[in-house]
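Participant: The structure is given below, and queries will be raised subsequently.
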Amino acid sequence: MSRLPRFILSLIFLSLLSLHTQAAATLSDAEKSFAEIKVYSADGKPWRDAQEDWDGAKKRIATDDHWKRWLEHEQAAVDKWMSKQSDRVSWVCGWAHDFISPKDGAYLTWTSEIPEEDVSFFHSPSDPHVEITPKLMAAWVYDFRYTHAQMMYRSARLYKLTGNKRYAEWSAAQLDFYSKHYYEWQTHKKESGARLYWQTLDEATSGFQYINTVRLIEETVDPARKQYWWDHFFKPEADLLNSEFLKIHNIANWHRCCVAAFALVYHDDNLWHKAIDGQFGLREQIAKGITDDYLWYEQSFHYNEYVVEALRNLFEIAGLYHRTDDIALEIAKGENLMLSPIYLRFPNNTVPNPADGTGVETAPHRSFLASTYRVFPTTLGLDTAKEEYNWNTLIDPPQESSKPNIIPAVTSRNMAASNMAMIRKGPWQIFLHYGQLTQSHSQAEALNYSVFYGNDDITHDPGTTGYGSLYHKEYFTLGLNHNVPLIDGNGEIPPQKGHLLKYSAEEGTMIAMQPKYRPNAIAGRTLAITGGSLVDVAQIKSRDGTPHALGLAFHIEGKADLPSQFTPVANFTENKPVSFKYWKSVKATECKDEISIMTQCGKTRMKVTFKVKGQFKIWHAITPDTPPKLREGFYLETYSNEATFMTILTPVVEHS
């Protein structure tokens, strides 16, 4: 085996010295974290039991013109759906991630108009005419069926508010329909056992709509009818969800939370304890799935929020049934999972995008914080919720915050438990993702980094598009989409835990390594803010001791002023991985030792200097960003058994 590069040998002892294990967070620790955003009760809790004040809601409707208009709109929407829409046993449900344009991977626009009956094609903002295929039709059914479930819940709420039993009976009739026909839907091969939907995750997310419907209308039905729903619908669903995703995973959280909600409404204590305390139950999901940095271990900040959504659904019902004391630590850690990205946001309020989140998240995500205030009262969530008119604010009005609404400052953070680090120094903010903790949702992006200068986005991780798209499989998950070193055009094979060899917020320096980057390569990266510039040194070395095409991918969220020496090329994809076919309008030039290119990113004029010892080639292209957006990318390549790529980002101050 070839020797490790000297830069790794000289620093690896620093990594060994810094290894440590944090003690598991106590309830007190969890409740005190991020305290400046949380609103605490008189007894010191940052969370609360959700309430349903139906009498108060009726008074608000009767005395407030805003609420009267809201109710009129809500009734009109539900009445229209009830009169026109019904589910069908003949409809086979597909995958939501397949509802995408074949043109550019962008999501299609969903409407309730029935394909091939009301409309003859689908469309998206960038693709006005999309053929209705069986796969797209099945994906459309997913949105219909989930919307139908939401309408059942909304109708049940209208019954509780107005006392009009036709709403309760319509919702009950839908539960009769699903209970009667449940076994007529065939199971899907990919996700064993899922019937009503394509995957068990969707059975769980919709399950909250169905069980809340039961909870609100059960007083209008006889016990035998409620039991029929259990025997023919909810129990088969619970058995299915308990048998799938027996591991630590965002989907497993949805499964366990949904089953726990079924147990509360049907007063099944054994089922509750199995969902909470059983192997891979909710308690274990939270203990092992949330890192010491209060980030979800699958790393996508999109899934941070997605897990919180599952928890919030359960915690609301648990509060109504007075069972929150059983899961106090899980509630406290769940709130921290929701708040942690706020402390990592970039100046434009986007957050870093490690792993395969579909699109870039924002923080603070005010509408999401507002949706959780019934369990997690925060200054930001309450401030937003008090301006909203919806079911939550009607039946459980947001309290007045006891402290001002202040967005916390972003500071440098070393998130060792999550294989991530951030430095904020002067106008620079740099996020480094140097390794993964699990295969799930990982991409070939270890050692990838994102950069802001002042308020301007210089380079970021776009995440991915719908998982059913070829863009996802053939481009967004692969190395070329990221700012990473490549060997023979390929990035890291995930998951690989990385090592942060040095971290100094004061110096503005991070050094990381990937000893198992690929079976035939090791890699490392140094990021250092030096004299007003950001200096990136990426190193890669083949393990087999033979020469390879060693390269570096780097993207900008701006425009490059290419020197005239760049000329169009037609053979960019030759002998390269499939990801290279997604780069368009490719130009290239031969270089020796270095080349500098001026770029414009927002208001920032940035000189980008690439340095590689000896002869190398550099390509420039228009590359995919979050669909249908585009950005610009560079690919450098040299042929050797090891290479060092230096990239220097230097802001240019224009003098008048």
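Residue numbering restarts at 1 for every chain of the structure tokens, chains are lettered A, B, ... in their displayed order, and ligands are numbered from 1 as they appear.
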List every residue of stretch 280-501 of chain A that DSSP, applied to the backbone of this structure, places in alpha helix (DSSP H), and write the result as an MDAnalysis selection string.
Facilitator: chainID A and resid 282:289 301:320 328:339 366:371 379:385 391:395 470:471
Participant: If we count only C-alpha atoms, what is near A:Glu492 at a cut-off of 6 Å, once residues fewer than 6 positions away on the same chain are taken out, given as a list of chain:residue names?
Facilitator: A:Ala444, A:Tyr517, A:Arg518
Participant: Considering only C-alpha atoms, return as number ranges by chain whatever protein or nucleic-acid residues lie within 7 Å of A:Asn212, sequence-local ones (same chain, fewer than 4 positions apart) excluded.
Facilitator: A: 153, 208, 216
Participant: Restricting it to N, CA, C and O atoms, dump the selection as a compact mmCIF listing (two decimals), in the first residue's frame.
Facilitator:
```
# COMPACT_ATOMS: atom_id res chain seq x y z
N TYR A 153 -59.59 15.23 7.54
CA TYR A 153 -59.26 15.84 8.83
C TYR A 153 -59.89 17.23 8.94
O TYR A 153 -60.47 17.58 9.97
N PHE A 208 -51.50 10.10 10.18
CA PHE A 208 -51.87 11.13 11.16
C PHE A 208 -53.18 11.82 10.78
O PHE A 208 -53.97 12.19 11.65
N LEU A 216 -61.63 13.04 16.30
CA LEU A 216 -62.58 14.15 16.34
C LEU A 216 -64.02 13.73 16.10
O LEU A 216 -64.95 14.41 16.56
```
Participant: Can you tell me how far atom CA of A:Ala156 sits from atom CA of A:Ala173, in Å to one decimal?
Facilitator: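 Atom-to-atom, atom CA of A:Ala156 to atom CA of A:Ala173, that is 11.5 Å.
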Participant: Between A:Pro377, A:Gly633, A:Pro577, A:Pro547, which one has atoms that come closest to A:His482, using only C-alpha atoms?
Facilitator: A:Gly633
Participant: Do you know which residues are at most 10 Å from stretch 267-278 of chain A counting only C-alpha atoms, after dropping those on the same chain fewer than 5 positions away, and could you put them as JSON, numbers by chain?
Facilitator: {"A": [238, 241, 242, 253, 255, 256, 257, 258, 259, 260, 261, 262, 283, 284, 285, 321, 326, 327]}
Participant: Please produce a file of the residues just selected, as a compact mmCIF listing (two decimals), in the first residue's frame, where the atoms kept are N, CA, C and O atoms.
Facilitator:
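Final file, part26.txt:
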```
# COMPACT_ATOMS: atom_id res chain seq x y z
N ALA A 238 -50.81 -0.44 11.39
CA ALA A 238 -49.88 -0.48 12.52
C ALA A 238 -48.94 -1.67 12.41
O ALA A 238 -47.73 -1.55 12.65
N LEU A 241 -46.38 -0.86 9.68
CA LEU A 241 -45.39 0.15 10.07
C LEU A 241 -44.44 -0.39 11.12
O LEU A 241 -43.26 0.00 11.16
N ASN A 242 -44.91 -1.27 11.99
CA ASN A 242 -44.03 -1.85 13.00
C ASN A 242 -43.06 -2.87 12.41
O ASN A 242 -42.05 -3.19 13.03
N ASN A 253 -38.78 7.09 12.19
CA ASN A 253 -39.42 8.03 13.11
C ASN A 253 -40.89 8.23 12.76
O ASN A 253 -41.75 8.25 13.64
N HIS A 255 -42.78 6.13 11.18
CA HIS A 255 -43.48 4.88 11.50
C HIS A 255 -43.83 4.81 12.98
O HIS A 255 -44.98 4.55 13.35
N ARG A 256 -42.81 4.99 13.83
CA ARG A 256 -43.05 4.85 15.26
C ARG A 256 -44.01 5.92 15.79
O ARG A 256 -44.87 5.65 16.63
N CYS A 257 -43.86 7.15 15.30
CA CYS A 257 -44.74 8.24 15.76
C CYS A 257 -46.19 7.98 15.35
O CYS A 257 -47.13 8.20 16.13
N CYS A 258 -46.38 7.52 14.13
CA CYS A 258 -47.74 7.25 13.66
C CYS A 258 -48.38 6.12 14.46
O CYS A 258 -49.54 6.23 14.89
N VAL A 259 -47.66 5.03 14.68
CA VAL A 259 -48.21 3.91 15.46
C VAL A 259 -48.52 4.35 16.88
O VAL A 259 -49.55 3.97 17.46
N ALA A 260 -47.65 5.17 17.47
CA ALA A 260 -47.91 5.67 18.82
C ALA A 260 -49.19 6.49 18.86
O ALA A 260 -49.97 6.43 19.83
N ALA A 261 -49.45 7.27 17.80
CA ALA A 261 -50.69 8.05 17.73
C ALA A 261 -51.90 7.12 17.62
O ALA A 261 -52.94 7.36 18.27
N PHE A 262 -51.80 6.07 16.80
CA PHE A 262 -52.88 5.08 16.73
C PHE A 262 -53.17 4.52 18.12
O PHE A 262 -54.34 4.37 18.52
N ARG A 283 -37.77 6.22 21.32
CA ARG A 283 -36.71 6.62 22.26
C ARG A 283 -35.33 6.32 21.68
O ARG A 283 -34.40 7.13 21.78
N GLU A 284 -35.19 5.17 21.06
CA GLU A 284 -33.91 4.81 20.47
C GLU A 284 -33.63 5.65 19.22
O GLU A 284 -32.48 6.02 18.96
N GLN A 285 -34.66 5.96 18.45
CA GLN A 285 -34.48 6.82 17.28
C GLN A 285 -33.87 8.16 17.68
O GLN A 285 -32.94 8.66 17.04
N TYR A 321 -53.68 13.76 25.15
CA TYR A 321 -53.95 12.55 25.95
C TYR A 321 -53.10 12.50 27.22
O TYR A 321 -53.04 11.46 27.88
N ASP A 326 -44.10 11.02 29.57
CA ASP A 326 -43.42 9.78 29.20
C ASP A 326 -42.25 10.03 28.25
O ASP A 326 -41.32 9.22 28.17
N ILE A 327 -42.31 11.13 27.51
CA ILE A 327 -41.35 11.36 26.42
C ILE A 327 -40.75 12.77 26.52
O ILE A 327 -40.47 13.40 25.50
```
Participant: Counting only C-alpha atoms, which of A:Ala318, A:Val569, A:Val608, A:Ile540 gets nearest to A:Thr459?
Facilitator: A:Val608
Participant: Could you list, as JSON, numbers by chain, every residue within 12 Å of A:Leu295, counting only C-alpha atoms and ignoring same-chain residues fewer than 3 positions away?
Facilitator: {"A": [286, 287, 288, 289, 290, 291, 292, 298, 299, 300, 301, 302, 303, 304, 305, 306, 307, 308, 333, 334, 335, 336, 337, 338, 339, 340, 341, 342, 343, 344, 354, 415, 416, 417, 418, 419, 420, 437]}
Participant: For A:Ile556, please output as a list in words all residues within 8 Å (counting only C-alpha atoms; exclusion window: fewer than 6 positions along the same chain).
Facilitator: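 Everything that qualifies: Ile458, Thr459, His460, Cys601, Arg631, Glu632 and Gly633 of chain A.
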Participant: So, counting only C-alpha atoms, which residue among A:Ser179, A:Gln279, A:Ser90, A:Thr109 is closest to A:Ala138?
Facilitator: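 Nearest candidate to A:Ala138 out of A:Ser179, A:Gln279, A:Ser90, A:Thr109: A:Ser90.
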Participant: Which residues are close to A:Glu594, i.e. within 12 Å by only C-alpha atoms, leaving aside same-chain residues fewer than 6 positions away? Reply as a list in words.
Facilitator: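 Here the answer would be Val608, Thr609, Phe610, Lys611, Val612, Lys613, Gly614, Gln615, Phe616, Lys617, Ile618, Leu636, Thr644, Phe645, Met646, Thr647 and Ile648 of chain A.
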Participant: With N, CA and C atoms kept, could you save the residues just selected as a PDB file, in the first residue's frame?
Facilitator:
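Saved the output as result28.pdb:
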```pdb
ATOM      1  N   VAL A 608     -10.587  34.226  -9.053  1.00  0.00           N
ATOM      2  CA  VAL A 608     -10.382  32.818  -8.729  1.00  0.00           C
ATOM      3  C   VAL A 608      -9.097  32.367  -9.402  1.00  0.00           C
ATOM      4  N   THR A 609      -8.134  31.963  -8.594  1.00  0.00           N
ATOM      5  CA  THR A 609      -6.851  31.498  -9.121  1.00  0.00           C
ATOM      6  C   THR A 609      -6.715  30.009  -8.842  1.00  0.00           C
ATOM      7  N   PHE A 610      -6.473  29.234  -9.889  1.00  0.00           N
ATOM      8  CA  PHE A 610      -6.240  27.798  -9.755  1.00  0.00           C
ATOM      9  C   PHE A 610      -4.755  27.537  -9.971  1.00  0.00           C
ATOM     10  N   LYS A 611      -4.159  26.777  -9.051  1.00  0.00           N
ATOM     11  CA  LYS A 611      -2.748  26.428  -9.176  1.00  0.00           C
ATOM     12  C   LYS A 611      -2.574  24.913  -9.120  1.00  0.00           C
ATOM     13  N   VAL A 612      -1.886  24.383 -10.117  1.00  0.00           N
ATOM     14  CA  VAL A 612      -1.543  22.964 -10.178  1.00  0.00           C
ATOM     15  C   VAL A 612      -0.122  22.885 -10.725  1.00  0.00           C
ATOM     16  N   LYS A 613       0.753  22.176 -10.075  1.00  0.00           N
ATOM     17  CA  LYS A 613       2.141  22.107 -10.514  1.00  0.00           C
ATOM     18  C   LYS A 613       2.243  21.425 -11.870  1.00  0.00           C
ATOM     19  N   GLY A 614       2.869  22.103 -12.825  1.00  0.00           N
ATOM     20  CA  GLY A 614       3.083  21.541 -14.151  1.00  0.00           C
ATOM     21  C   GLY A 614       1.893  21.749 -15.067  1.00  0.00           C
ATOM     22  N   GLN A 615       1.776  20.873 -16.053  1.00  0.00           N
ATOM     23  CA  GLN A 615       0.720  20.984 -17.054  1.00  0.00           C
ATOM     24  C   GLN A 615      -0.611  20.462 -16.498  1.00  0.00           C
ATOM     25  N   PHE A 616      -1.674  21.179 -16.781  1.00  0.00           N
ATOM     26  CA  PHE A 616      -3.014  20.693 -16.440  1.00  0.00           C
ATOM     27  C   PHE A 616      -3.998  21.280 -17.430  1.00  0.00           C
ATOM     28  N   LYS A 617      -5.189  20.718 -17.455  1.00  0.00           N
ATOM     29  CA  LYS A 617      -6.253  21.205 -18.330  1.00  0.00           C
ATOM     30  C   LYS A 617      -7.416  21.678 -17.469  1.00  0.00           C
ATOM     31  N   ILE A 618      -8.097  22.724 -17.923  1.00  0.00           N
ATOM     32  CA  ILE A 618      -9.241  23.244 -17.190  1.00  0.00           C
ATOM     33  C   ILE A 618     -10.409  23.420 -18.158  1.00  0.00           C
ATOM     34  N   LEU A 636     -10.776  20.801 -13.286  1.00  0.00           N
ATOM     35  CA  LEU A 636      -9.336  20.772 -13.544  1.00  0.00           C
ATOM     36  C   LEU A 636      -8.882  19.328 -13.558  1.00  0.00           C
ATOM     37  N   THR A 644      -1.966  18.091  -6.123  1.00  0.00           N
ATOM     38  CA  THR A 644      -2.409  19.139  -5.206  1.00  0.00           C
ATOM     39  C   THR A 644      -3.039  20.249  -6.037  1.00  0.00           C
ATOM     40  N   PHE A 645      -4.284  20.571  -5.711  1.00  0.00           N
ATOM     41  CA  PHE A 645      -5.012  21.637  -6.400  1.00  0.00           C
ATOM     42  C   PHE A 645      -5.219  22.788  -5.417  1.00  0.00           C
ATOM     43  N   MET A 646      -4.670  23.926  -5.744  1.00  0.00           N
ATOM     44  CA  MET A 646      -4.857  25.105  -4.897  1.00  0.00           C
ATOM     45  C   MET A 646      -5.823  26.065  -5.593  1.00  0.00           C
ATOM     46  N   THR A 647      -6.844  26.481  -4.862  1.00  0.00           N
ATOM     47  CA  THR A 647      -7.802  27.461  -5.358  1.00  0.00           C
ATOM     48  C   THR A 647      -7.766  28.654  -4.424  1.00  0.00           C
ATOM     49  N   ILE A 648      -7.521  29.825  -4.958  1.00  0.00           N
ATOM     50  CA  ILE A 648      -7.443  31.043  -4.145  1.00  0.00           C
ATOM     51  C   ILE A 648      -8.575  31.973  -4.569  1.00  0.00           C
TER      52      ILE A 648
END
```
Participant: Tell me which of A:Gln150, A:Glu219, A:Ile211, A:Leu649 sits closest to A:Gly163, counting only C-alpha atoms.
Facilitator: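 Closest residue, counting only C-alpha atoms: A:Glu219.
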Participant: Measure the distance from atom CA of A:Ile595 to atom CA of A:Trp583 in Å and round it to one decimal.
Facilitator: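 One can read the atom CA of A:Ile595 to atom CA of A:Trp583 distance as 21.0 Å.
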Participant: Rank nothing, just name the residue among A:His148, A:Lys584, A:Lys58, A:Arg154 nearest to A:Gln85, using only C-alpha atoms.
Facilitator: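 The shortest atom-to-atom distance to A:Gln85 comes from A:His148.
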Participant: Pull the strand (DSSP E or B) assignments for stretch 24-224 of chain A out of DSSP run on the backbone, and list those residues as a list in words.
Facilitator: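 Selecting the strand (DSSP E or B) positions of stretch 24-224 of chain A gives Lys38, Ile100, Tyr107, Pro115, Val119, Phe122, His123, Ser124, Asp127, Pro128, His129 and Val130 of chain A.
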Participant: Could those residues be written to a file, using C-alpha atoms, as a short mmCIF file (atom, residue, chain, number, x, y, z; two decimals), in the first residue's frame?
Facilitator:
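Output file out.cif follows:
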```
data_model
loop_
_atom_site.label_atom_id
_atom_site.label_comp_id
_atom_site.auth_asym_id
_atom_site.auth_seq_id
_atom_site.Cartn_x
_atom_site.Cartn_y
_atom_site.Cartn_z
CA LYS A 38 -37.24 29.29 23.50
CA ILE A 100 -41.02 15.66 -12.20
CA TYR A 107 -41.14 19.28 -10.03
CA PRO A 115 -55.59 13.46 -15.66
CA VAL A 119 -56.82 17.68 -18.31
CA PHE A 122 -49.18 18.01 -16.94
CA HIS A 123 -47.01 21.12 -16.73
CA SER A 124 -44.30 22.89 -14.74
CA ASP A 127 -42.09 22.76 -19.08
CA PRO A 128 -45.62 23.78 -20.19
CA HIS A 129 -46.67 20.50 -21.84
CA VAL A 130 -45.74 17.16 -20.25
#
```
